[in-house]
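J.: mmCIF, C-alpha atoms, file model.cif:
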```cif
data_run
loop_
_atom_site.label_atom_id
_atom_site.label_comp_id
_atom_site.auth_asym_id
_atom_site.auth_seq_id
_atom_site.Cartn_x
_atom_site.Cartn_y
_atom_site.Cartn_z
CA MET Q 1 51.49 112.93 -20.89
CA ASP Q 2 52.27 116.63 -20.76
CA LEU Q 3 55.99 117.36 -20.32
CA ASP Q 4 55.47 120.33 -18.00
CA ALA Q 5 53.10 118.33 -15.80
CA PHE Q 6 55.61 115.49 -15.58
CA ARG Q 7 58.45 117.83 -14.66
CA TRP Q 8 56.27 119.38 -11.98
CA LEU Q 9 55.64 115.87 -10.63
CA LEU Q 10 59.38 115.61 -9.87
CA THR Q 11 59.29 118.65 -7.58
CA ASP Q 12 58.83 118.30 -3.82
CA GLU Q 13 55.21 119.39 -4.12
CA GLY Q 14 54.68 116.96 -6.99
CA GLN Q 15 56.19 114.10 -5.02
CA ARG Q 16 53.77 114.76 -2.15
CA LEU Q 17 50.85 114.68 -4.57
CA LEU Q 18 52.16 111.46 -6.14
CA ALA Q 19 52.38 109.84 -2.70
CA ALA Q 20 48.78 110.87 -2.02
CA ALA Q 21 47.70 109.54 -5.43
CA GLU Q 22 49.24 106.16 -4.68
CA GLU Q 23 47.18 105.94 -1.50
CA VAL Q 24 43.91 106.39 -3.42
CA ALA Q 25 44.86 104.77 -6.75
CA ASP Q 26 42.72 101.71 -6.03
CA ASP Q 27 39.63 103.80 -5.22
CA ASP Q 28 36.90 104.71 -7.66
CA PRO Q 29 38.60 107.04 -10.22
CA LEU Q 30 36.06 109.84 -9.80
CA ARG Q 31 36.28 109.71 -6.02
CA ALA Q 32 40.10 109.65 -6.15
CA GLN Q 33 40.17 112.68 -8.46
CA ALA Q 34 37.72 114.59 -6.30
CA ARG Q 35 39.79 113.95 -3.19
CA LEU Q 36 43.05 115.07 -4.79
CA ARG Q 37 41.49 118.10 -6.52
CA ARG Q 38 41.06 119.67 -3.07
CA THR Q 39 44.81 120.33 -2.98
CA ALA Q 40 46.01 120.45 -6.62
CA PRO Q 41 44.88 121.54 -10.11
CA ALA Q 42 43.36 119.05 -12.53
CA GLU Q 43 46.41 118.62 -14.77
CA HIS Q 44 48.65 117.81 -11.81
CA VAL Q 45 46.12 115.39 -10.32
CA ALA Q 46 45.82 113.63 -13.68
CA ALA Q 47 49.60 113.28 -13.94
CA ALA Q 48 49.89 111.91 -10.40
CA LEU Q 49 47.05 109.41 -10.77
CA THR Q 50 48.43 108.27 -14.12
CA GLN Q 51 51.82 107.55 -12.55
CA ALA Q 52 50.27 105.76 -9.58
CA THR Q 53 48.26 103.53 -11.91
CA LEU Q 54 51.18 102.85 -14.24
CA ARG Q 55 53.43 101.90 -11.32
CA ARG Q 56 50.97 99.18 -10.36
CA ARG Q 57 50.80 97.95 -13.94
CA ALA Q 58 54.60 97.95 -14.16
CA VAL Q 59 55.21 95.52 -11.29
CA PRO Q 60 55.16 92.35 -13.50
CA LYS Q 61 57.86 93.91 -15.70
CA PHE Q 62 59.96 95.82 -13.19
CA GLY Q 63 59.28 94.21 -9.83
CA ALA Q 64 60.13 96.30 -6.77
CA ASP Q 65 61.73 99.00 -8.95
CA ALA Q 66 58.28 99.92 -10.31
CA ALA Q 67 57.42 101.71 -7.05
CA ARG Q 68 60.20 104.25 -7.70
CA MET Q 69 60.10 104.50 -11.49
CA TYR Q 70 58.10 106.67 -13.90
CA PHE Q 71 56.24 105.62 -17.03
CA THR Q 72 54.14 106.62 -19.98
CA PRO Q 73 51.42 104.21 -21.12
CA ASP Q 74 53.07 103.39 -24.45
CA GLY Q 75 56.54 103.48 -22.91
CA LEU Q 76 55.57 100.86 -20.35
CA GLU Q 77 54.01 98.65 -23.02
CA GLN Q 78 57.14 98.80 -25.19
CA ALA Q 79 59.69 98.51 -22.38
CA THR Q 80 61.79 95.39 -21.90
CA ARG Q 81 61.03 93.56 -18.67
CA THR Q 82 63.83 93.57 -16.12
CA SER Q 83 64.68 89.85 -16.37
CA VAL Q 84 65.23 90.06 -20.13
CA ALA Q 85 67.06 93.41 -20.03
CA SER Q 86 69.32 92.11 -17.25
CA HIS Q 87 70.21 89.06 -19.34
CA ARG Q 88 71.13 91.30 -22.27
CA ALA Q 89 73.17 93.59 -20.02
CA ALA Q 90 75.01 90.57 -18.58
CA ARG Q 91 75.91 89.43 -22.10
CA LEU Q 92 77.21 92.89 -22.91
CA ALA Q 93 79.24 92.99 -19.70
CA ALA Q 94 80.67 89.55 -20.48
CA PHE Q 95 82.00 91.01 -23.73
CA ARG Q 96 83.63 93.77 -21.67
CA THR Q 97 81.39 96.47 -23.07
CA GLY Q 98 82.51 99.73 -21.51
CA THR Q 99 80.20 102.19 -23.26
CA LEU Q 100 76.76 101.81 -24.82
CA VAL Q 101 74.48 104.12 -26.78
CA ASP Q 102 70.77 103.27 -26.70
CA LEU Q 103 69.25 104.59 -29.93
CA GLY Q 104 65.59 104.99 -29.02
CA CYS Q 105 65.77 104.48 -25.27
CA GLY Q 106 62.08 104.97 -24.47
CA ILE Q 107 61.53 105.18 -20.71
CA GLY Q 108 65.02 103.77 -20.08
CA GLY Q 109 64.41 100.14 -19.10
CA ASP Q 110 67.47 98.88 -20.99
CA LEU Q 111 69.54 101.85 -19.83
CA VAL Q 112 68.77 100.91 -16.22
CA ALA Q 113 69.85 97.29 -16.73
CA ALA Q 114 73.05 98.26 -18.58
CA ALA Q 115 73.99 100.88 -15.98
CA ARG Q 116 73.52 98.33 -13.21
CA ALA Q 117 75.87 96.00 -15.08
CA GLY Q 118 78.57 98.69 -14.85
CA ILE Q 119 78.30 99.97 -18.42
CA THR Q 120 78.56 103.70 -19.13
CA CYS Q 121 75.34 104.51 -20.98
CA ALA Q 122 73.88 107.25 -23.13
CA GLY Q 123 70.35 107.24 -24.51
CA VAL Q 124 68.52 109.19 -27.19
CA ASP Q 125 64.86 109.36 -28.12
CA LEU Q 126 62.72 111.59 -30.33
CA ASP Q 127 60.06 112.08 -27.66
CA PRO Q 128 60.93 114.75 -25.04
CA VAL Q 129 58.54 113.15 -22.52
CA ARG Q 130 60.17 109.73 -22.80
CA VAL Q 131 63.59 111.35 -22.45
CA ALA Q 132 62.45 113.13 -19.29
CA VAL Q 133 61.04 109.86 -17.94
CA ALA Q 134 64.25 107.96 -18.74
CA GLU Q 135 66.32 110.63 -16.96
CA ALA Q 136 64.00 110.45 -13.96
CA ASN Q 137 64.25 106.66 -13.83
CA LEU Q 138 68.04 106.70 -13.78
CA ALA Q 139 67.98 109.31 -11.04
CA ALA Q 140 65.29 107.50 -9.02
CA LEU Q 141 67.36 104.30 -9.04
CA ASP Q 142 70.59 106.23 -8.33
CA LEU Q 143 72.21 105.14 -11.59
CA PRO Q 144 74.54 107.12 -13.89
CA GLY Q 145 73.73 107.85 -17.51
CA ALA Q 146 72.94 110.63 -19.96
CA VAL Q 147 69.77 111.01 -22.06
CA MET Q 148 68.94 113.57 -24.73
CA VAL Q 149 66.32 114.31 -27.37
CA ALA Q 150 67.63 113.33 -30.78
CA ASP Q 151 66.80 111.41 -33.95
CA ALA Q 152 68.55 108.05 -33.57
CA THR Q 153 69.31 107.94 -37.29
CA THR Q 154 71.42 111.09 -37.01
CA VAL Q 155 73.53 109.95 -34.03
CA ASP Q 156 77.08 108.75 -34.71
CA PRO Q 157 77.51 105.52 -32.70
CA THR Q 158 81.22 105.09 -33.45
CA PRO Q 159 82.48 106.59 -30.16
CA PHE Q 160 80.67 103.81 -28.26
CA ASP Q 161 81.72 100.19 -27.87
CA VAL Q 162 78.21 98.94 -28.65
CA ALA Q 163 75.09 100.44 -30.17
CA PHE Q 164 71.70 99.17 -28.99
CA ALA Q 165 68.38 99.84 -30.71
CA ASP Q 166 64.79 98.83 -30.12
CA PRO Q 167 62.84 100.06 -33.17
CA ALA Q 168 59.24 101.06 -32.52
CA ARG Q 169 56.93 98.62 -34.23
CA ARG Q 170 53.75 100.67 -34.10
CA THR Q 171 52.25 103.01 -36.69
CA GLY Q 172 49.07 105.06 -36.71
CA ARG Q 173 47.33 101.83 -37.77
CA GLY Q 174 48.60 99.86 -34.77
CA ARG Q 175 51.32 97.22 -34.43
CA SER Q 176 53.15 96.56 -37.70
CA PHE Q 177 54.96 93.40 -38.70
CA ASP Q 178 56.45 95.07 -41.79
CA VAL Q 179 60.08 95.96 -41.00
CA ASP Q 180 59.88 98.95 -43.34
CA ASP Q 181 57.27 100.48 -41.01
CA TRP Q 182 59.60 100.36 -38.01
CA THR Q 183 61.09 103.52 -36.51
CA PRO Q 184 64.01 103.58 -37.21
CA PRO Q 185 63.43 101.45 -40.35
CA TRP Q 186 65.05 98.15 -41.25
CA SER Q 187 67.64 99.88 -43.44
CA PHE Q 188 68.94 101.61 -40.30
CA VAL Q 189 69.01 98.29 -38.44
CA GLU Q 190 71.07 96.73 -41.22
CA MET Q 191 73.50 99.63 -41.01
CA LEU Q 192 73.90 99.16 -37.26
CA LEU Q 193 74.45 95.42 -37.67
CA ALA Q 194 77.57 96.12 -39.73
CA ARG Q 195 79.33 96.92 -36.42
CA ASP Q 196 79.22 95.68 -32.80
CA SER Q 197 75.54 96.12 -32.05
CA CYS Q 198 72.48 94.56 -30.47
CA VAL Q 199 69.03 95.21 -31.90
CA LYS Q 200 65.82 94.12 -30.21
CA VAL Q 201 63.26 92.94 -32.77
CA ALA Q 202 59.88 91.22 -32.85
CA PRO Q 203 60.06 87.47 -32.12
CA GLY Q 204 58.24 86.79 -35.39
CA LEU Q 205 61.13 88.17 -37.45
CA PRO Q 206 61.69 85.82 -40.42
CA HIS Q 207 65.00 83.96 -40.30
CA ALA Q 208 65.67 85.01 -43.87
CA LEU Q 209 65.94 88.67 -42.81
CA VAL Q 210 68.82 88.01 -40.41
CA PRO Q 211 72.02 89.13 -42.16
CA ASP Q 212 74.91 86.72 -42.57
CA GLY Q 213 77.22 86.64 -39.57
CA VAL Q 214 74.56 88.02 -37.21
CA GLU Q 215 73.36 85.94 -34.25
CA ALA Q 216 69.61 85.79 -33.70
CA GLU Q 217 68.59 85.07 -30.10
CA TRP Q 218 64.99 84.37 -29.09
CA VAL Q 219 64.25 84.95 -25.41
CA SER Q 220 61.34 83.65 -23.35
CA ASP Q 221 60.49 84.50 -19.77
CA HIS Q 222 58.50 81.89 -17.82
CA GLY Q 223 57.16 80.31 -20.98
CA GLU Q 224 56.28 83.51 -22.85
CA VAL Q 225 58.42 84.57 -25.81
CA LYS Q 226 59.31 88.19 -25.22
CA GLU Q 227 61.64 89.19 -28.02
CA ALA Q 228 64.35 88.36 -30.46
CA ALA Q 229 67.71 90.09 -30.30
CA LEU Q 230 70.19 90.40 -33.13
CA TRP Q 231 73.85 90.42 -32.09
CA SER Q 232 76.50 91.53 -34.57
CA GLY Q 233 80.22 91.99 -34.89
CA LEU Q 234 82.25 90.56 -32.02
CA LEU Q 235 79.03 90.04 -30.03
CA ALA Q 236 77.82 87.27 -32.36
CA THR Q 237 78.86 83.81 -31.18
CA THR Q 238 76.54 81.50 -33.13
CA ASP Q 239 73.77 81.67 -35.75
CA ARG Q 240 70.64 80.88 -33.72
CA ARG Q 241 70.08 80.80 -29.98
CA ALA Q 242 67.12 80.14 -27.68
CA THR Q 243 67.38 81.55 -24.17
CA VAL Q 244 64.86 80.46 -21.56
CA ILE Q 245 64.39 82.34 -18.28
CA GLY Q 246 62.47 80.53 -15.55
CA ASN Q 247 62.26 79.87 -11.82
CA GLY Q 248 65.44 77.83 -12.00
CA GLY Q 249 67.43 80.60 -13.65
CA LEU Q 250 68.57 80.91 -17.25
CA ALA Q 251 69.39 78.27 -19.85
CA THR Q 252 70.49 78.65 -23.45
CA LEU Q 253 70.52 76.40 -26.51
CA THR Q 254 72.21 77.09 -29.87
CA ASP Q 255 72.34 75.69 -33.37
CA GLU Q 256 75.63 74.05 -32.38
CA ASP Q 257 73.53 71.72 -30.16
CA ASP Q 258 71.30 70.77 -33.09
CA PRO Q 259 72.16 67.66 -35.16
CA GLY Q 260 69.34 68.43 -37.60
CA ALA Q 261 66.05 66.79 -38.50
CA ALA Q 262 67.64 63.94 -40.44
CA ALA Q 263 69.61 62.80 -37.41
CA VAL Q 264 66.56 62.90 -35.14
CA GLY Q 265 63.85 61.54 -37.40
CA VAL Q 266 60.13 60.94 -36.89
CA GLY Q 267 58.77 58.13 -34.76
CA PRO Q 268 55.69 56.79 -32.96
CA VAL Q 269 54.47 58.27 -29.70
CA ARG Q 270 56.42 56.89 -26.74
CA ARG Q 271 55.89 57.21 -23.01
CA PHE Q 272 56.69 60.93 -22.81
CA LEU Q 273 55.74 63.96 -24.89
CA LEU Q 274 57.83 67.14 -24.80
CA GLU Q 275 56.38 70.52 -25.73
CA PRO Q 276 59.34 72.80 -26.59
CA ASP Q 277 59.43 76.34 -25.25
CA GLY Q 278 58.33 79.05 -27.69
CA ALA Q 279 61.85 80.49 -27.90
CA VAL Q 280 63.14 77.06 -28.95
CA ILE Q 281 60.48 76.82 -31.64
CA ARG Q 282 61.13 80.34 -32.95
CA ALA Q 283 64.85 79.61 -33.09
CA GLY Q 284 64.24 76.42 -35.08
CA LEU Q 285 65.88 74.25 -32.42
CA VAL Q 286 63.17 71.67 -31.72
CA THR Q 287 65.42 68.90 -33.05
CA ALA Q 288 68.10 69.99 -30.58
CA VAL Q 289 65.62 69.27 -27.76
CA ALA Q 290 64.79 65.93 -29.35
CA ALA Q 291 68.46 64.98 -29.59
CA ALA Q 292 69.12 65.87 -25.96
CA ALA Q 293 66.12 63.78 -24.85
CA GLY Q 294 67.07 60.82 -27.03
CA GLY Q 295 63.72 61.25 -28.75
CA THR Q 296 62.13 61.83 -32.13
CA LEU Q 297 59.58 64.18 -33.65
CA VAL Q 298 55.96 63.02 -33.81
CA ASP Q 299 55.68 64.65 -37.24
CA GLU Q 300 58.28 66.43 -39.35
CA HIS Q 301 56.19 69.62 -39.35
CA ILE Q 302 55.03 69.62 -35.70
CA ALA Q 303 56.96 70.97 -32.70
CA TYR Q 304 56.33 68.01 -30.39
CA VAL Q 305 59.01 65.56 -29.31
CA THR Q 306 58.41 62.06 -27.99
CA ALA Q 307 60.87 60.07 -25.88
CA ASP Q 308 61.25 57.08 -23.56
CA ARG Q 309 62.72 59.26 -20.81
CA GLY Q 310 60.91 62.02 -18.98
CA THR Q 311 63.99 63.85 -17.75
CA PRO Q 312 63.02 67.48 -16.99
CA THR Q 313 64.52 70.11 -19.28
CA PRO Q 314 64.27 73.91 -19.16
CA PHE Q 315 63.67 73.89 -22.90
CA ALA Q 316 60.36 72.01 -22.90
CA ARG Q 317 57.29 71.10 -20.86
CA THR Q 318 57.21 67.36 -20.30
CA TYR Q 319 54.06 65.20 -20.21
CA GLU Q 320 53.58 61.52 -19.52
CA VAL Q 321 51.38 59.95 -22.20
CA LEU Q 322 48.67 57.95 -20.41
CA GLU Q 323 46.74 56.70 -23.45
CA GLN Q 324 45.59 57.54 -26.93
CA LEU Q 325 41.95 58.62 -27.21
CA PRO Q 326 39.66 58.78 -30.24
CA TYR Q 327 40.34 61.83 -32.37
CA ARG Q 328 36.81 62.31 -33.71
CA GLU Q 329 34.80 64.68 -31.56
CA LYS Q 330 31.81 62.45 -30.74
CA ALA Q 331 33.99 59.51 -29.74
CA LEU Q 332 36.36 61.81 -27.82
CA ARG Q 333 33.42 63.21 -25.83
CA ALA Q 334 32.28 59.72 -24.94
CA ALA Q 335 35.80 58.68 -23.86
CA LEU Q 336 36.23 61.72 -21.63
CA ARG Q 337 32.79 61.37 -20.05
CA GLU Q 338 33.53 57.70 -19.39
CA ARG Q 339 36.60 58.82 -17.44
CA GLY Q 340 34.59 61.38 -15.46
CA VAL Q 341 36.42 64.38 -16.88
CA GLY Q 342 34.82 67.78 -16.22
CA ARG Q 343 37.79 70.18 -16.25
CA LEU Q 344 39.78 69.82 -19.44
CA THR Q 345 42.99 71.49 -20.63
CA ILE Q 346 43.38 71.25 -24.41
CA LYS Q 347 46.82 71.56 -26.01
CA LYS Q 348 47.05 71.55 -29.78
CA ARG Q 349 49.54 71.90 -32.61
CA GLY Q 350 49.18 71.32 -36.31
CA VAL Q 351 45.41 70.75 -36.27
CA ASP Q 352 42.51 73.09 -37.04
CA VAL Q 353 40.95 73.22 -33.57
CA VAL Q 354 39.94 76.16 -31.37
CA PRO Q 355 40.31 74.79 -27.81
CA GLU Q 356 37.69 77.10 -26.25
CA GLN Q 357 35.09 76.17 -28.85
CA LEU Q 358 35.85 72.46 -28.62
CA ARG Q 359 35.63 72.56 -24.81
CA ARG Q 360 32.14 74.07 -25.03
CA ARG Q 361 31.00 71.49 -27.58
CA LEU Q 362 32.31 68.59 -25.48
CA ASP Q 363 30.07 69.81 -22.62
CA LEU Q 364 31.85 67.84 -19.90
CA ALA Q 365 30.65 67.82 -16.29
CA GLY Q 366 32.55 65.12 -14.37
CA PRO Q 367 34.64 65.52 -11.18
CA GLU Q 368 38.04 64.75 -12.76
CA GLU Q 369 40.59 67.05 -14.36
CA ALA Q 370 42.57 66.07 -17.47
CA THR Q 371 44.86 67.34 -20.21
CA ILE Q 372 44.64 66.24 -23.82
CA VAL Q 373 46.97 66.96 -26.71
CA LEU Q 374 45.50 67.24 -30.20
CA THR Q 375 48.11 67.02 -32.92
CA ARG Q 376 49.28 65.10 -35.95
CA VAL Q 377 51.39 61.97 -35.62
CA ALA Q 378 53.00 60.94 -38.90
CA GLY Q 379 50.41 63.09 -40.69
CA SER Q 380 47.30 61.73 -38.94
CA GLY Q 381 45.13 63.54 -36.38
CA THR Q 382 45.74 62.15 -32.89
CA ALA Q 383 44.35 62.77 -29.39
CA LEU Q 384 46.56 61.95 -26.42
CA LEU Q 385 45.58 61.89 -22.76
CA VAL Q 386 48.62 63.20 -20.89
CA ARG Q 387 49.77 64.16 -17.42
CA PRO Q 388 52.10 67.16 -16.90
CA ILE Q 389 55.23 66.17 -14.98
CA ALA Q 390 57.54 69.17 -15.46
#
```
Could you take the file, read its structure, and then write that structure out as structure tokens?

T.:
Amino acid sequence: MDLDAFRWLLTDEGQRLLAAAEEVADDDPLRAQARLRRTAPAEHVAAALTQATLRRRAVPKFGADAARMYFTPDGLEQATRTSVASHRAARLAAFRTGTLVDLGCGIGGDLVAAARAGITCAGVDLDPVRVAVAEANLAALDLPGAVMVADATTVDPTPFDVAFADPARRTGRGRSFDVDDWTPPWSFVEMLLARDSCVKVAPGLPHALVPDGVEAEWVSDHGEVKEAALWSGLLATTDRRATVIGNGGLATLTDEDDPGAAAVGVGPVRRFLLEPDGAVIRAGLVTAVAAAAGGTLVDEHIAYVTADRGTPTPFARTYEVLEQLPYREKALRAALRERGVGRLTIKKRGVDVVPEQLRRRLDLAGPEEATIVLTRVAGSGTALLVRPIA
């Protein structure tokens, strides 16, 4: 997005064009452009239609705020969704954080959440467009904060209570899982983590990379793992944490709740099967879920828990095990057809199966709907017919 075009969009004339663009954003793109070109030049029409489209795309992340905010395509993709950013801001506020510097603030999603939590915020970013967008978002939501163009690696964070960073994980080749490709790089992250800081990282970050004394928190929102956050200094309260955000609110589990695999053990499939949330799995806390349920693992290498009780938990999806079916494909097809199954949900862990391909090969056409779990139990392939209960 062109910086001058974006700044023009913030003028009174630009706001009128943006309002008109939002009215036609769902129309055919060529027809929408032609209609708006009657009153504005092409570059301004393009900027307005881009914002109108991005605001619609931003609703799942930002809710009602999206209608007043501004975005860039990559900035929206990289931004933290409001539920996760609000959780982080609440943690910071609980530690009585008074001032925060966001080193690489992007479009300002985390700045917005922190400012709403009562924290005095400053943000920096290398991209002048993202800085302008972040400033506009704070203003649009009537929130205080300062943003400036700067290289995060040259900013002195010591005047601030907490430093926050969200390194970009994309290169010219696309998304990178190599921490040395991040901007700022991992060496900068390690430097930040020597003080009171929070760094947002990819959820696939290896545990071995987390420095000693730093808390690693994996966060999921409605069953989807969104990020990991590294908390250092006085902000670190444990080694590993899984935080789950759902319709019922927020729940958190730590390594202090985990008795370890030896205490839980492996056992046969019982009446209920628990599928731990992705944040729990990433945090290595599956055995904590098993301990809380009074259950065992079905296999020492598989993230399924089995138990006699089906008590709902925010940390796992619970299924009632109806019966064990044949694991071999031909016999499984016959068993499912015998039960009249036509619509089939396939869950799998620890087995070499592609659910979509298997569903096509099974070629089911009955009136019933069913869920099966394909996994290993004590090392052997197993098929379980289950019923979701929570």

J.: Can you turn the PyMOL selection byres ((chain Q and resi 32-40) around 10) into a concrete residue list for this file, as JSON, numbers by chain?

T.: {"Q": [13, 14, 17, 18, 20, 21, 22, 23, 24, 25, 26, 27, 28, 29, 30, 31, 41, 42, 43, 44, 45, 46, 48, 49]}

J.: When distances are computed from all atoms listed in the file, which of Q:Asp221, Q:Lys347, Q:Asp74, Q:Gly310 shows the smallest separation from Asp127 in chain Q?

T.: Q:Asp74

J.: Counting all atoms listed in the file, which of Q:Val373, Q:Val112, Q:Val266, Q:Leu209 gets nearest to Asp180 in chain Q?

T.: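 Closest candidate: Q:Leu209.
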
J.: So that I can check the surroundings of Thr311 in chain Q, please list as JSON, numbers by chain every protein, DNA and RNA residue that reaches within 12 Å of it, counting all atoms listed in the file and ignoring chain neighbours fewer than 4 positions away.

T.: {"Q": [271, 272, 273, 274, 289, 290, 292, 293, 294, 295, 306, 307, 315, 316, 317, 318, 319, 320, 389, 390]}

J.: Please return as a list in words every residue within 6 Å of (68.2, 96.5, -29.8), taking into account only C-alpha atoms and the file's own coordinates.

T.: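 The requested residues, written out, are Phe164, Ala165, Asp166, Cys198, Val199 and Lys200 of chain Q.
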
J.: Residues as selected, C-alpha atoms, written as a PDB file, in the coordinates of the input, can you do that?

T.:
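selection-v5.pdb, freshly written:
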```pdb
ATOM      1  CA  PHE Q 164      71.700  99.170 -28.990  1.00  0.00           C
ATOM      2  CA  ALA Q 165      68.380  99.840 -30.710  1.00  0.00           C
ATOM      3  CA  ASP Q 166      64.790  98.830 -30.120  1.00  0.00           C
ATOM      4  CA  CYS Q 198      72.480  94.560 -30.470  1.00  0.00           C
ATOM      5  CA  VAL Q 199      69.030  95.210 -31.900  1.00  0.00           C
ATOM      6  CA  LYS Q 200      65.820  94.120 -30.210  1.00  0.00           C
TER       7      LYS Q 200
END
```

J.: Here is a test: counting all atoms listed in the file, which residue of Q:Ile245, Q:Val377, Q:Met148, Q:Ala139 is nearest to Val305 in chain Q?

T.: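 Among the listed residues, the smallest separation from Val305 in chain Q belongs to Q:Val377.
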
J.: Pick from Q:Asp196, Q:Leu384, Q:Thr238, Q:Glu329: nearest to Arg361 in chain Q, with all atoms listed in the file counted?

T.: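 Among the listed residues, Q:Glu329 lies closest to Arg361 in chain Q.
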
J.: Residues picked by the PyMOL selection byres ((chain Q and resi 70) around 6) here, as a list in words?

T.: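 Selected by the PyMOL selection byres ((chain Q and resi 70) around 6) in this file: Met69, Phe71 and Val133 of chain Q.
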
J.: Residues within 9 Å of Ala150 in chain Q, please, as a PyMOL selection string. Count only C-alpha atoms; anything in the same chain fewer than 2 positions from it doesn't count.

T.: chain Q and resi 103-104+124-128+148+152-155

J.: Return the single residue from Q:Met191, Q:Leu253, Q:Ala229, Q:Ala208 that is closest to Val84 in chain Q, with distances computed using all atoms listed in the file.

T.: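 Checking each of Q:Met191, Q:Leu253, Q:Ala229, Q:Ala208 against Val84 in chain Q, counting all atoms listed in the file, the winner is Q:Ala229.
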
J.: So which one's closest to Pro314 in chain Q, Q:Asp277, Q:Asp255, Q:Glu227, Q:Asp4? Using all atoms listed in the file, please.

T.: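 Looking at the shortest contact to Pro314 in chain Q, the residue is Q:Asp277.
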
J.: Please report the interatomic distance between CA of Gly265 in chain Q and CA of Leu285 in chain Q in Å with one decimal.

T.: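 Between CA of Gly265 in chain Q and CA of Leu285 in chain Q the gap is 13.8 Å.
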
J.: Would you kindly place N, CA and C atoms on range 119-136 of chain Q and return the model as a compact mmCIF listing (two decimals), in the frame of the given file?

T.:
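As written to disk, part_27.txt reads:
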```txt
# COMPACT_ATOMS: atom_id res chain seq x y z
N ILE Q 119 78.01 99.40 -17.10
CA ILE Q 119 78.30 99.97 -18.42
C ILE Q 119 77.96 101.46 -18.42
N THR Q 120 78.82 102.27 -18.99
CA THR Q 120 78.56 103.70 -19.13
C THR Q 120 77.59 103.90 -20.29
N CYS Q 121 76.42 104.49 -20.00
CA CYS Q 121 75.34 104.51 -20.98
C CYS Q 121 74.92 105.92 -21.37
N ALA Q 122 74.52 106.04 -22.63
CA ALA Q 122 73.88 107.25 -23.13
C ALA Q 122 72.66 106.82 -23.92
N GLY Q 123 71.57 107.58 -23.78
CA GLY Q 123 70.35 107.24 -24.51
C GLY Q 123 69.83 108.43 -25.29
N VAL Q 124 69.19 108.15 -26.42
CA VAL Q 124 68.52 109.19 -27.19
C VAL Q 124 67.12 108.72 -27.55
N ASP Q 125 66.22 109.67 -27.69
CA ASP Q 125 64.86 109.36 -28.12
C ASP Q 125 64.27 110.62 -28.72
N LEU Q 126 63.36 110.44 -29.68
CA LEU Q 126 62.72 111.59 -30.33
C LEU Q 126 61.71 112.29 -29.44
N ASP Q 127 61.15 111.56 -28.48
CA ASP Q 127 60.06 112.08 -27.66
C ASP Q 127 60.61 112.75 -26.40
N PRO Q 128 60.41 114.06 -26.23
CA PRO Q 128 60.93 114.75 -25.04
C PRO Q 128 60.37 114.19 -23.73
N VAL Q 129 59.12 113.71 -23.75
CA VAL Q 129 58.54 113.15 -22.52
C VAL Q 129 59.25 111.86 -22.14
N ARG Q 130 59.48 110.99 -23.12
CA ARG Q 130 60.17 109.73 -22.80
C ARG Q 130 61.59 110.01 -22.32
N VAL Q 131 62.24 110.99 -22.91
CA VAL Q 131 63.59 111.35 -22.45
C VAL Q 131 63.55 111.82 -21.00
N ALA Q 132 62.57 112.66 -20.67
CA ALA Q 132 62.45 113.13 -19.29
C ALA Q 132 62.17 111.97 -18.34
N VAL Q 133 61.36 111.03 -18.77
CA VAL Q 133 61.04 109.86 -17.94
C VAL Q 133 62.28 108.99 -17.76
N ALA Q 134 63.03 108.77 -18.84
CA ALA Q 134 64.25 107.96 -18.74
C ALA Q 134 65.25 108.60 -17.78
N GLU Q 135 65.43 109.92 -17.88
CA GLU Q 135 66.32 110.63 -16.96
C GLU Q 135 65.85 110.46 -15.51
N ALA Q 136 64.55 110.58 -15.30
CA ALA Q 136 64.00 110.45 -13.96
C ALA Q 136 64.19 109.04 -13.42
```
